[in-house]
$ cat entry_11.cif   # mmCIF, C-alpha atoms
data_work
#
loop_
_atom_site.label_atom_id
_atom_site.label_comp_id
_atom_site.auth_asym_id
_atom_site.auth_seq_id
_atom_site.Cartn_x
_atom_site.Cartn_y
_atom_site.Cartn_z
CA MET A 1 0.00 0.00 0.00
CA ARG A 2 0.97 3.68 -0.16
CA ALA A 3 1.57 5.58 3.06
CA LEU A 4 2.91 8.94 4.22
CA THR A 5 6.16 8.28 6.09
CA TRP A 6 8.55 10.34 8.20
CA HIS A 7 12.20 10.72 7.19
CA GLY A 8 13.44 13.77 9.05
CA ARG A 9 12.63 17.36 9.88
CA ARG A 10 10.22 18.68 7.23
CA ASP A 11 10.80 15.51 5.22
CA VAL A 12 7.70 13.36 4.76
CA ARG A 13 7.31 11.06 1.76
CA ILE A 14 4.78 8.85 0.05
CA GLU A 15 6.18 5.33 -0.07
CA LYS A 16 5.10 1.81 -0.84
CA VAL A 17 4.97 -0.20 2.41
CA ALA A 18 3.61 -3.57 3.44
CA ASP A 19 -0.16 -3.85 3.91
CA PRO A 20 -1.24 -4.16 7.55
CA THR A 21 -2.42 -7.57 8.72
CA ILE A 22 -4.45 -8.97 11.61
CA VAL A 23 -2.06 -9.49 14.53
CA ASP A 24 -4.48 -10.07 17.42
CA ASP A 25 -7.99 -11.52 17.43
CA GLY A 26 -9.40 -8.12 18.41
CA ASP A 27 -7.94 -6.27 15.39
CA ALA A 28 -9.69 -4.82 12.37
CA ILE A 29 -8.24 -3.58 9.07
CA ILE A 30 -9.72 -0.33 7.78
CA GLU A 31 -9.51 0.90 4.20
CA VAL A 32 -8.95 4.62 4.76
CA THR A 33 -11.21 6.98 2.80
CA SER A 34 -10.19 10.24 4.56
CA THR A 35 -7.29 11.15 6.82
CA ALA A 36 -6.41 14.60 8.13
CA ILE A 37 -3.20 16.42 8.98
CA CYS A 38 -3.43 17.58 12.59
CA GLY A 39 -1.67 20.42 14.37
CA SER A 40 -0.05 17.74 16.53
CA ASP A 41 1.47 16.25 13.38
CA LEU A 42 3.39 19.48 12.93
CA HIS A 43 5.33 18.63 16.10
CA LEU A 44 6.54 15.49 14.29
CA TYR A 45 7.25 17.51 11.16
CA GLU A 46 9.34 20.02 13.11
CA VAL A 47 10.88 18.86 16.38
CA LEU A 48 10.02 15.36 17.64
CA GLY A 49 12.52 13.56 15.41
CA PRO A 50 14.43 11.90 18.29
CA PHE A 51 11.36 9.75 18.96
CA LEU A 52 10.72 8.73 15.33
CA ARG A 53 12.35 6.28 12.97
CA ALA A 54 12.74 6.75 9.23
CA GLY A 55 9.75 5.11 7.57
CA ASP A 56 7.29 5.55 10.47
CA ILE A 57 3.75 5.95 9.12
CA LEU A 58 2.18 9.20 10.29
CA GLY A 59 -1.38 10.28 11.00
CA HIS A 60 -3.95 9.85 13.76
CA GLU A 61 -7.16 11.24 12.24
CA ALA A 62 -8.71 8.67 9.94
CA MET A 63 -11.94 7.03 8.86
CA GLY A 64 -12.92 4.44 6.32
CA THR A 65 -14.46 1.05 5.69
CA VAL A 66 -13.87 -2.23 7.53
CA VAL A 67 -12.32 -4.78 5.17
CA GLU A 68 -11.22 -7.48 7.63
CA THR A 69 -11.70 -8.38 11.31
CA GLY A 70 -10.01 -10.73 13.74
CA ARG A 71 -11.80 -13.79 15.10
CA GLY A 72 -12.56 -12.06 18.40
CA VAL A 73 -14.29 -8.99 16.94
CA ARG A 74 -18.05 -9.05 17.58
CA LYS A 75 -19.29 -5.50 16.96
CA LEU A 76 -17.84 -4.75 13.52
CA ARG A 77 -18.48 -6.37 10.17
CA ARG A 78 -16.92 -6.08 6.76
CA GLY A 79 -18.34 -3.03 5.00
CA ASP A 80 -19.04 -0.99 8.15
CA ARG A 81 -18.17 2.69 7.85
CA VAL A 82 -16.17 3.81 10.88
CA VAL A 83 -14.22 6.70 12.39
CA VAL A 84 -11.03 5.69 14.22
CA PRO A 85 -10.29 7.53 17.52
CA PHE A 86 -6.66 8.58 17.75
CA THR A 87 -6.28 7.03 21.22
CA ILE A 88 -6.00 3.24 21.43
CA ALA A 89 -7.94 1.99 24.45
CA CYS A 90 -9.15 -1.41 25.60
CA GLY A 91 -12.52 -0.27 26.96
CA ASP A 92 -12.35 -2.54 30.01
CA CYS A 93 -9.65 -1.27 32.39
CA PHE A 94 -10.18 1.06 35.37
CA PHE A 95 -9.43 4.23 33.41
CA CYS A 96 -11.53 3.27 30.38
CA ARG A 97 -14.50 2.52 32.64
CA THR A 98 -14.16 5.94 34.29
CA GLY A 99 -14.06 7.82 30.98
CA LEU A 100 -10.31 8.39 30.91
CA GLN A 101 -9.54 6.35 27.80
CA SER A 102 -6.39 8.38 27.13
CA GLN A 103 -4.93 6.81 30.28
CA CYS A 104 -5.84 3.21 29.34
CA GLU A 105 -3.91 0.81 31.58
CA THR A 106 -3.77 -1.84 28.85
CA THR A 107 -2.12 0.31 26.18
CA GLN A 108 -0.05 2.67 28.37
CA VAL A 109 3.54 2.97 27.14
CA ARG A 110 5.20 2.20 30.45
CA GLU A 111 8.70 2.28 28.98
CA HIS A 112 8.29 6.05 28.64
CA GLY A 113 5.83 6.64 31.47
CA THR A 114 3.15 7.88 29.07
CA GLY A 115 -0.57 7.26 28.69
CA ALA A 116 -2.51 5.27 26.13
CA SER A 117 -0.91 4.41 22.82
CA LEU A 118 -1.74 6.69 19.89
CA PHE A 119 -1.84 6.11 16.17
CA GLY A 120 1.14 7.50 14.25
CA TYR A 121 2.73 9.34 17.14
CA THR A 122 6.32 8.37 17.97
CA GLU A 123 7.82 5.80 20.32
CA LEU A 124 6.59 7.90 23.27
CA TYR A 125 3.11 6.61 22.42
CA GLY A 126 3.80 3.13 21.16
CA SER A 127 5.18 3.57 17.61
CA VAL A 128 1.82 2.44 16.21
CA PRO A 129 1.55 2.84 12.40
CA GLY A 130 -0.74 5.74 11.61
CA GLY A 131 -3.71 6.43 9.38
CA GLN A 132 -2.18 8.58 6.62
CA ALA A 133 -2.17 5.49 4.45
CA GLU A 134 -4.44 3.40 2.27
CA PHE A 135 -5.08 0.92 5.10
CA VAL A 136 -4.63 0.90 8.87
CA ARG A 137 -4.69 -1.83 11.50
CA VAL A 138 -6.95 -0.93 14.44
CA PRO A 139 -6.44 -2.82 17.74
CA TYR A 140 -9.32 -3.28 20.22
CA ALA A 141 -11.74 -2.90 17.35
CA ASP A 142 -14.81 -3.68 19.44
CA HIS A 143 -14.15 -0.61 21.58
CA GLY A 144 -12.40 2.01 19.47
CA PRO A 145 -14.00 2.51 16.06
CA ILE A 146 -17.16 4.63 15.90
CA THR A 147 -19.71 3.22 13.46
CA VAL A 148 -21.41 5.95 11.41
CA GLY A 149 -24.09 6.11 8.73
CA SER A 150 -23.68 6.28 4.98
CA ALA A 151 -25.72 9.35 4.06
CA LEU A 152 -23.29 12.13 5.03
CA PRO A 153 -19.86 12.87 3.50
CA ASP A 154 -16.63 12.04 5.31
CA ASP A 155 -15.99 15.65 6.35
CA ARG A 156 -19.07 15.56 8.59
CA TYR A 157 -17.68 12.60 10.55
CA LEU A 158 -13.88 12.59 10.21
CA PHE A 159 -13.16 15.03 13.03
CA LEU A 160 -14.76 12.74 15.60
CA SER A 161 -11.38 10.97 15.43
CA ASP A 162 -9.62 13.75 17.37
CA ILE A 163 -10.09 17.49 17.02
CA LEU A 164 -13.84 17.67 17.60
CA PRO A 165 -13.91 15.71 20.89
CA THR A 166 -10.62 17.41 21.82
CA ALA A 167 -12.32 20.80 21.50
CA TRP A 168 -15.42 19.55 23.33
CA GLN A 169 -13.28 18.33 26.23
CA ALA A 170 -11.37 21.64 26.26
CA VAL A 171 -14.61 23.60 26.68
CA ALA A 172 -15.95 21.12 29.24
CA TYR A 173 -12.74 21.41 31.27
CA ALA A 174 -12.84 25.23 31.03
CA ASP A 175 -16.36 25.07 32.52
CA PRO A 176 -17.45 28.73 32.47
CA PRO A 177 -20.65 29.56 34.39
CA ARG A 178 -23.92 29.57 32.47
CA GLY A 179 -23.93 32.57 30.15
CA GLY A 180 -20.26 33.25 30.95
CA SER A 181 -17.27 34.13 28.81
CA ILE A 182 -14.25 32.31 27.48
CA THR A 183 -11.05 33.21 25.62
CA VAL A 184 -9.73 30.77 23.00
CA VAL A 185 -6.03 31.29 22.32
CA GLY A 186 -5.08 29.84 18.94
CA LEU A 187 -7.62 29.57 16.12
CA GLY A 188 -6.29 26.57 14.26
CA PRO A 189 -8.66 23.63 13.71
CA VAL A 190 -9.08 22.78 17.42
CA GLY A 191 -9.45 26.44 18.35
CA GLN A 192 -12.09 26.90 15.65
CA PHE A 193 -14.12 24.02 17.06
CA CYS A 194 -13.66 25.40 20.59
CA VAL A 195 -15.22 28.67 19.38
CA ARG A 196 -18.15 26.87 17.75
CA ILE A 197 -18.82 24.63 20.73
CA ALA A 198 -18.56 27.51 23.20
CA THR A 199 -20.97 29.70 21.22
CA LEU A 200 -23.35 26.74 20.90
CA HIS A 201 -23.32 26.58 24.71
CA GLY A 202 -24.24 30.27 24.91
CA TYR A 203 -20.86 31.61 26.08
CA THR A 204 -19.37 34.89 24.93
CA VAL A 205 -16.18 33.94 23.10
CA HIS A 206 -13.00 35.94 22.53
CA GLY A 207 -10.68 34.40 19.93
CA VAL A 208 -6.95 35.19 19.65
CA ASP A 209 -4.74 34.42 16.66
CA PRO A 210 -2.11 36.24 14.56
CA VAL A 211 -3.52 34.97 11.22
CA PRO A 212 -6.27 37.24 9.78
CA GLU A 213 -8.05 34.44 7.88
CA ARG A 214 -8.37 32.38 11.04
CA ARG A 215 -9.72 35.35 12.98
CA ASP A 216 -12.24 35.97 10.20
CA LEU A 217 -13.39 32.35 10.27
CA ALA A 218 -13.87 32.44 14.06
CA ALA A 219 -15.78 35.72 13.77
CA ARG A 220 -18.24 34.04 11.38
CA TYR A 221 -19.16 31.74 14.27
CA GLY A 222 -19.69 34.57 16.73
CA ALA A 223 -16.26 35.11 18.29
CA LEU A 224 -14.98 38.55 19.21
CA VAL A 225 -11.52 38.32 17.69
CA HIS A 226 -8.19 39.80 18.73
CA GLU A 227 -4.67 39.90 17.37
CA PRO A 228 -1.98 38.91 19.91
CA GLY A 229 -0.03 41.85 21.28
CA PRO A 230 0.90 43.81 24.38
CA ASP A 231 -2.58 45.35 24.66
CA LEU A 232 -4.49 42.07 24.42
CA ALA A 233 -5.13 41.62 28.14
CA ASN A 234 -6.38 45.20 28.40
CA GLU A 235 -8.68 44.70 25.40
CA ILE A 236 -10.27 41.63 26.96
CA GLN A 237 -10.54 43.24 30.39
CA GLU A 238 -12.25 46.29 28.89
CA ALA A 239 -14.81 43.97 27.29
CA THR A 240 -15.44 42.11 30.58
CA GLU A 241 -16.00 44.85 33.17
CA GLY A 242 -12.29 45.00 33.93
CA ARG A 243 -12.03 41.37 35.06
CA GLY A 244 -11.09 39.10 32.16
CA THR A 245 -13.05 36.14 30.86
CA ASP A 246 -14.40 33.44 33.18
CA ALA A 247 -12.24 30.82 31.47
CA ALA A 248 -9.58 30.48 28.80
CA ILE A 249 -8.32 27.72 26.52
CA ASP A 250 -4.72 27.32 25.37
CA ALA A 251 -5.19 25.70 21.95
CA VAL A 252 -1.62 26.48 20.87
CA GLY A 253 0.89 24.42 22.87
CA MET A 254 4.49 24.25 21.73
CA GLU A 255 3.65 25.42 18.18
CA ALA A 256 3.39 29.04 19.38
CA SER A 257 4.11 31.36 16.47
CA GLY A 258 7.62 32.79 16.57
CA SER A 259 8.50 30.80 19.67
CA PRO A 260 12.21 30.99 20.56
CA ALA A 261 11.74 27.56 22.10
CA LYS A 262 11.62 26.05 18.61
CA VAL A 263 15.31 26.87 18.19
CA ALA A 264 16.14 24.97 21.38
CA GLN A 265 13.93 22.08 20.26
CA ARG A 266 15.73 21.87 16.93
CA VAL A 267 19.11 21.93 18.64
CA ALA A 268 18.01 19.08 20.93
CA ALA A 269 16.61 17.16 17.97
CA ALA A 270 19.92 17.43 16.12
CA LEU A 271 21.86 15.72 18.90
CA PRO A 272 22.54 11.95 18.86
CA ALA A 273 19.38 10.10 19.86
CA ALA A 274 20.73 8.87 23.20
CA VAL A 275 21.41 12.49 24.20
CA ALA A 276 18.53 14.18 22.37
CA LYS A 277 15.70 12.22 24.01
CA PRO A 278 16.41 13.07 27.66
CA ALA A 279 17.42 16.61 26.68
CA PHE A 280 14.16 17.16 24.84
CA LEU A 281 12.00 15.84 27.66
CA ARG A 282 13.79 17.38 30.63
CA LEU A 283 15.19 20.69 29.45
CA GLY A 284 13.01 23.80 29.41
CA VAL A 285 12.49 23.75 25.65
CA ASP A 286 8.76 24.39 25.27
CA SER A 287 7.49 27.92 24.99
CA ALA A 288 4.53 28.78 27.17
CA ALA A 289 3.48 31.72 24.96
CA GLY A 290 -0.03 30.40 24.38
CA LEU A 291 -0.47 29.45 28.00
CA ARG A 292 0.77 32.83 29.21
CA THR A 293 -1.73 34.55 26.92
CA ALA A 294 -4.52 32.41 28.35
CA LEU A 295 -3.40 33.19 31.90
CA ALA A 296 -3.40 36.90 31.15
CA ALA A 297 -6.90 36.78 29.63
CA VAL A 298 -8.69 34.91 32.42
CA ARG A 299 -10.22 36.60 35.46
CA ARG A 300 -9.34 35.93 39.08
CA GLY A 301 -10.83 32.63 40.18
CA GLY A 302 -11.10 31.49 36.57
CA THR A 303 -10.07 28.27 34.87
CA VAL A 304 -7.50 27.71 32.13
CA SER A 305 -7.98 24.60 30.02
CA ILE A 306 -4.83 23.42 28.20
CA VAL A 307 -5.46 21.47 25.02
CA GLY A 308 -2.36 22.48 23.02
CA VAL A 309 0.27 19.74 23.07
CA TYR A 310 3.56 20.24 24.92
CA GLY A 311 6.52 17.96 24.28
CA GLY A 312 8.93 18.67 27.11
CA GLU A 313 9.23 21.05 30.03
CA VAL A 314 8.01 24.65 29.76
CA ASP A 315 9.41 28.01 30.68
CA PRO A 316 8.84 28.89 34.36
CA LEU A 317 5.25 29.92 35.04
CA PRO A 318 4.22 32.87 37.24
CA LEU A 319 3.13 30.66 40.14
CA ARG A 320 2.99 33.46 42.70
CA GLU A 321 0.61 35.41 40.48
CA MET A 322 -1.40 32.29 39.60
CA PHE A 323 -1.77 31.46 43.30
CA ASP A 324 -2.72 35.03 44.16
CA ARG A 325 -5.34 35.10 41.41
CA GLN A 326 -6.70 31.68 42.50
CA LEU A 327 -6.54 30.19 39.01
CA GLN A 328 -7.34 26.59 38.15
CA LEU A 329 -5.59 24.57 35.44
CA ARG A 330 -7.13 21.55 33.69
CA MET A 331 -5.50 19.65 30.87
CA GLY A 332 -4.92 16.32 29.22
CA GLN A 333 -5.06 14.15 26.14
CA CYS A 334 -8.60 13.81 24.86
CA ASN A 335 -10.77 10.89 26.00
CA VAL A 336 -12.48 10.53 22.63
CA ARG A 337 -15.04 7.87 23.45
CA ARG A 338 -16.26 9.80 26.50
CA TRP A 339 -17.72 12.58 24.35
CA ILE A 340 -19.10 10.74 21.31
CA THR A 341 -22.62 10.42 22.73
CA ASP A 342 -22.76 14.22 23.00
CA LEU A 343 -21.16 14.92 19.65
CA LEU A 344 -22.59 12.41 17.18
CA PRO A 345 -26.13 13.88 17.21
CA LEU A 346 -24.69 17.35 16.55
CA VAL A 347 -22.51 16.06 13.71
CA GLU A 348 -25.53 14.43 12.10
CA ARG A 349 -27.90 17.37 12.54
CA GLU A 350 -29.10 18.74 9.22
CA ASP A 351 -28.06 22.31 10.08
CA ASP A 352 -24.48 21.23 11.00
CA PRO A 353 -24.21 23.57 14.01
CA LEU A 354 -20.49 22.85 14.51
CA GLY A 355 -19.64 23.63 10.90
CA THR A 356 -17.94 20.30 10.26
CA ALA A 357 -18.59 20.75 6.55
CA ASP A 358 -16.76 24.07 6.24
CA LEU A 359 -13.58 23.62 8.30
CA VAL A 360 -11.52 21.94 5.58
CA SER A 361 -9.64 24.40 3.40
CA HIS A 362 -7.74 21.82 1.33
CA HIS A 363 -8.71 18.37 0.02
CA LEU A 364 -5.71 16.61 -1.51
CA PRO A 365 -4.92 13.11 -2.74
CA LEU A 366 -2.63 11.14 -0.45
CA ALA A 367 0.16 11.56 -3.00
CA ASP A 368 0.13 15.30 -2.25
CA GLY A 369 0.57 14.73 1.49
CA PRO A 370 4.04 16.32 1.61
CA ARG A 371 2.63 19.49 0.04
CA GLY A 372 -0.25 19.39 2.52
CA TYR A 373 2.18 19.37 5.44
CA GLU A 374 4.06 22.31 3.96
CA LEU A 375 0.90 24.35 3.39
CA PHE A 376 -0.38 23.67 6.90
CA GLN A 377 2.93 24.35 8.62
CA ARG A 378 3.44 27.65 6.78
CA LYS A 379 -0.26 28.64 6.97
CA GLU A 380 -0.10 29.41 3.26
CA ASP A 381 -3.01 29.69 0.84
CA SER A 382 -5.40 30.41 3.77
CA CYS A 383 -4.79 26.87 5.00
CA VAL A 384 -6.85 25.89 8.05
CA LYS A 385 -7.27 22.11 7.69
CA VAL A 386 -5.94 19.57 5.18
CA VAL A 387 -7.74 16.30 4.45
CA LEU A 388 -6.05 13.61 2.35
CA ARG A 389 -8.00 11.11 0.21
CA PRO A 390 -6.04 7.84 -0.06
CA GLN A 391 -8.51 6.36 -2.55
CA SER A 392 -8.59 9.37 -4.89
CA GLY A 393 -6.05 7.83 -7.26
CA GLY A 394 -3.58 10.70 -6.85
#

$ encode --input "entry_11.cif" --output "structure tokens"
Amino acid sequence: MRALTWHGRRDVRIEKVADPTIVDDGDAIIEVTSTAICGSDLHLYEVLGPFLRAGDILGHEAMGTVVETGRGVRKLRRGDRVVVPFTIACGDCFFCRTGLQSQCETTQVREHGTGASLFGYTELYGSVPGGQAEFVRVPYADHGPITVGSALPDDRYLFLSDILPTAWQAVAYADPPRGGSITVVGLGPVGQFCVRIATLHGYTVHGVDPVPERRDLAARYGALVHEPGPDLANEIQEATEGRGTDAAIDAVGMEASGSPAKVAQRVAAALPAAVAKPAFLRLGVDSAAGLRTALAAVRRGGTVSIVGVYGGEVDPLPLREMFDRQLQLRMGQCNVRRWITDLLPLVEREDDPLGTADLVSHHLPLADGPRGYELFQRKEDSCVKVVLRPQSGG
């Protein structure tokens, strides 16, 4: 089959690789019809090289059709149309039963002290081949895949794999009071869905991003938009009776625009692997620019929800100020399955209240995956979200 594989910083390639096969009785093989490039994939494209091997198959947002199942699979059949959550969870352990599938005890990568395994996301999360390919093997197929109908196009369902439940969890963790306000820092794909979910819940939303097209898109869904800058906190305070918003979401993480931390990350990544890995994880190489913006925007007694991914340590935080202002922090990898009951009816609603049909700016054949990464990383051509079509023949 063809797959998008990693070969170094800003070097991803389409290659012929072996087709996946059933390994365990609980596996399924999915023929991928749509697979997206996620903001988290940009961390692999830029700085997480020490934890990747040349030829690793990328991608953790995928959906398609079941073509084969293991002998132990009871809930899926050949021909079923499914979305594949990016977290791999057993469904039966303590954490899965309590709705924390991202901490699954069965698939935790104990060698690195990390949570549940993820598709296409480095040795830190299991080195599991990803979904930016023509086919993907899905473990624990009776628990993970989300069976969907046939009437709606892929774009209406695909984002249930990651960014839509990730945004839902971010807003749930932010937990503003009824009729309250929330600042969303970073208006990439997750930030856009945070805006849409928050406005659907009746919150007043302030959106922050340096890219005009992304601010414009958020404004179409009701956000009051701001450009980052030294006056941002004052702008938001003036709009909120001098207090700041009730909650804020950091939807940026270590991909903060212009972050000086990226230089340190690249230096760490260039070292020999045995040195680079501990240096990357333990040195203060992540910028907290997005988090600091969220902290500045939120009122005293408010909550900051962190959904942007961080790869190592972060710059020192203003703990004295945070303590004095009685702020709360909530964060974590998304527990996809926990939120599907809430989200699936909204995705399938005729009026598409979350705008799943209009988020994608670029549809490309899988063969153009390297160009898709470049467009997304550079934010060129008004790029917001790239979806690849493995079966398009490109």

$ closest_atom_pairs --input "entry_11.cif" --of "stretch 199-218 of chain A" --to "stretch 152-172 of chain A" --cutoff "12 Å" --atoms "all atoms listed in the file" --output "tab-separated table"
residue	atom	partner	partner_atom	distance
A:Thr199	CA	A:Val171	CA	10.4
A:Leu200	CA	A:Val171	CA	10.9
A:His201	CA	A:Val171	CA	9.4
A:Gly202	CA	A:Val171	CA	11.8
A:Tyr203	CA	A:Val171	CA	10.2
A:Val205	CA	A:Val171	CA	11.1

$ resolve_selection --input "entry_11.cif" --expression "the PyMOL selection byres ((chain A and resi 143) around 8)" --output "PyMOL selection string"
chain A and resi 89-91+140-142+144-145

$ write_last_selection --input "entry_11.cif" --atoms "C-alpha atoms" --output "CSV table (one decimal), in the coordinates of the input"
chain,number,residue,atom,x,y,z
A,89,ALA,CA,-7.9,2.0,24.4
A,90,CYS,CA,-9.2,-1.4,25.6
A,91,GLY,CA,-12.5,-0.3,27.0
A,140,TYR,CA,-9.3,-3.3,20.2
A,141,ALA,CA,-11.7,-2.9,17.4
A,142,ASP,CA,-14.8,-3.7,19.4
A,144,GLY,CA,-12.4,2.0,19.5
A,145,PRO,CA,-14.0,2.5,16.1

$ closest_residue --input "entry_11.cif" --among "A:Ala174, A:Leu44, A:Ala247, A:Leu217" --to "A:Phe193" --atoms "all atoms listed in the file"
A:Leu217

$ residues_around --input "entry_11.cif" --residues "A:Thr35" --least-positions-apart "5" --cutoff "7 Å" --atoms "all atoms listed in the file" --output "ChimeraX atom specification"
/A:61-63,131-132,387-389

$ resolve_selection --input "entry_11.cif" --expression "the PyMOL selection byres ((chain A and resi 3-9) around 7)" --output "CSV table (one decimal) with C-alpha atoms, in the coordinates of the input"
chain,number,residue,atom,x,y,z
A,1,MET,CA,0.0,0.0,0.0
A,2,ARG,CA,1.0,3.7,-0.2
A,10,ARG,CA,10.2,18.7,7.2
A,11,ASP,CA,10.8,15.5,5.2
A,12,VAL,CA,7.7,13.4,4.8
A,13,ARG,CA,7.3,11.1,1.8
A,14,ILE,CA,4.8,8.8,0.0
A,15,GLU,CA,6.2,5.3,-0.1
A,16,LYS,CA,5.1,1.8,-0.8
A,17,VAL,CA,5.0,-0.2,2.4
A,45,TYR,CA,7.2,17.5,11.2
A,46,GLU,CA,9.3,20.0,13.1
A,47,VAL,CA,10.9,18.9,16.4
A,49,GLY,CA,12.5,13.6,15.4
A,54,ALA,CA,12.7,6.8,9.2
A,55,GLY,CA,9.8,5.1,7.6
A,56,ASP,CA,7.3,5.6,10.5
A,57,ILE,CA,3.8,6.0,9.1
A,58,LEU,CA,2.2,9.2,10.3
A,132,GLN,CA,-2.2,8.6,6.6
A,133,ALA,CA,-2.2,5.5,4.4
A,134,GLU,CA,-4.4,3.4,2.3
A,369,GLY,CA,0.6,14.7,1.5

$ atom_distance --input "entry_11.cif" --atom1 "atom CA of A:Ala248" --atom2 "atom CA of A:Pro230"
17.5 Å

$ resolve_selection --input "entry_11.cif" --expression "the PyMOL selection byres ((chain A and resi 300) around 7)" --output "VMD selection string"
chain A and resid 298 to 299 301 to 302 325 to 327

$ residues_around --input "entry_11.cif" --residues "A:Asp27" --least-positions-apart "4" --cutoff "9 Å" --atoms "all atoms listed in the file" --output "list in words"
Thr21, Ile22, Val23, Glu68, Thr69, Gly70, Arg71, Gly72, Val73, Arg137, Val138, Pro139, Tyr140, Ala141 and Asp142 of chain A

$ atom_distance --input "entry_11.cif" --atom1 "atom CA of A:Ser127" --atom2 "atom CA of A:Val309"
17.8 Å

$ atom_distance --input "entry_11.cif" --atom1 "atom CA of A:Val82" --atom2 "atom CA of A:Phe94"
25.4 Å

$ residues_near_point --input "entry_11.cif" --point "(9.3, 6.0, 30.4)" --cutoff "12 Å" --atoms "only C-alpha atoms" --output "list in words"
Gln108, Val109, Arg110, Glu111, His112, Gly113, Thr114, Gly115, Glu123, Leu124, Tyr125, Gly126, Lys277, Pro278 and Leu281 of chain A

$ closest_residue --input "entry_11.cif" --among "A:Asp41, A:Glu350, A:Asp24, A:Asp368" --to "A:Gly59" --atoms "only C-alpha atoms"
A:Asp41
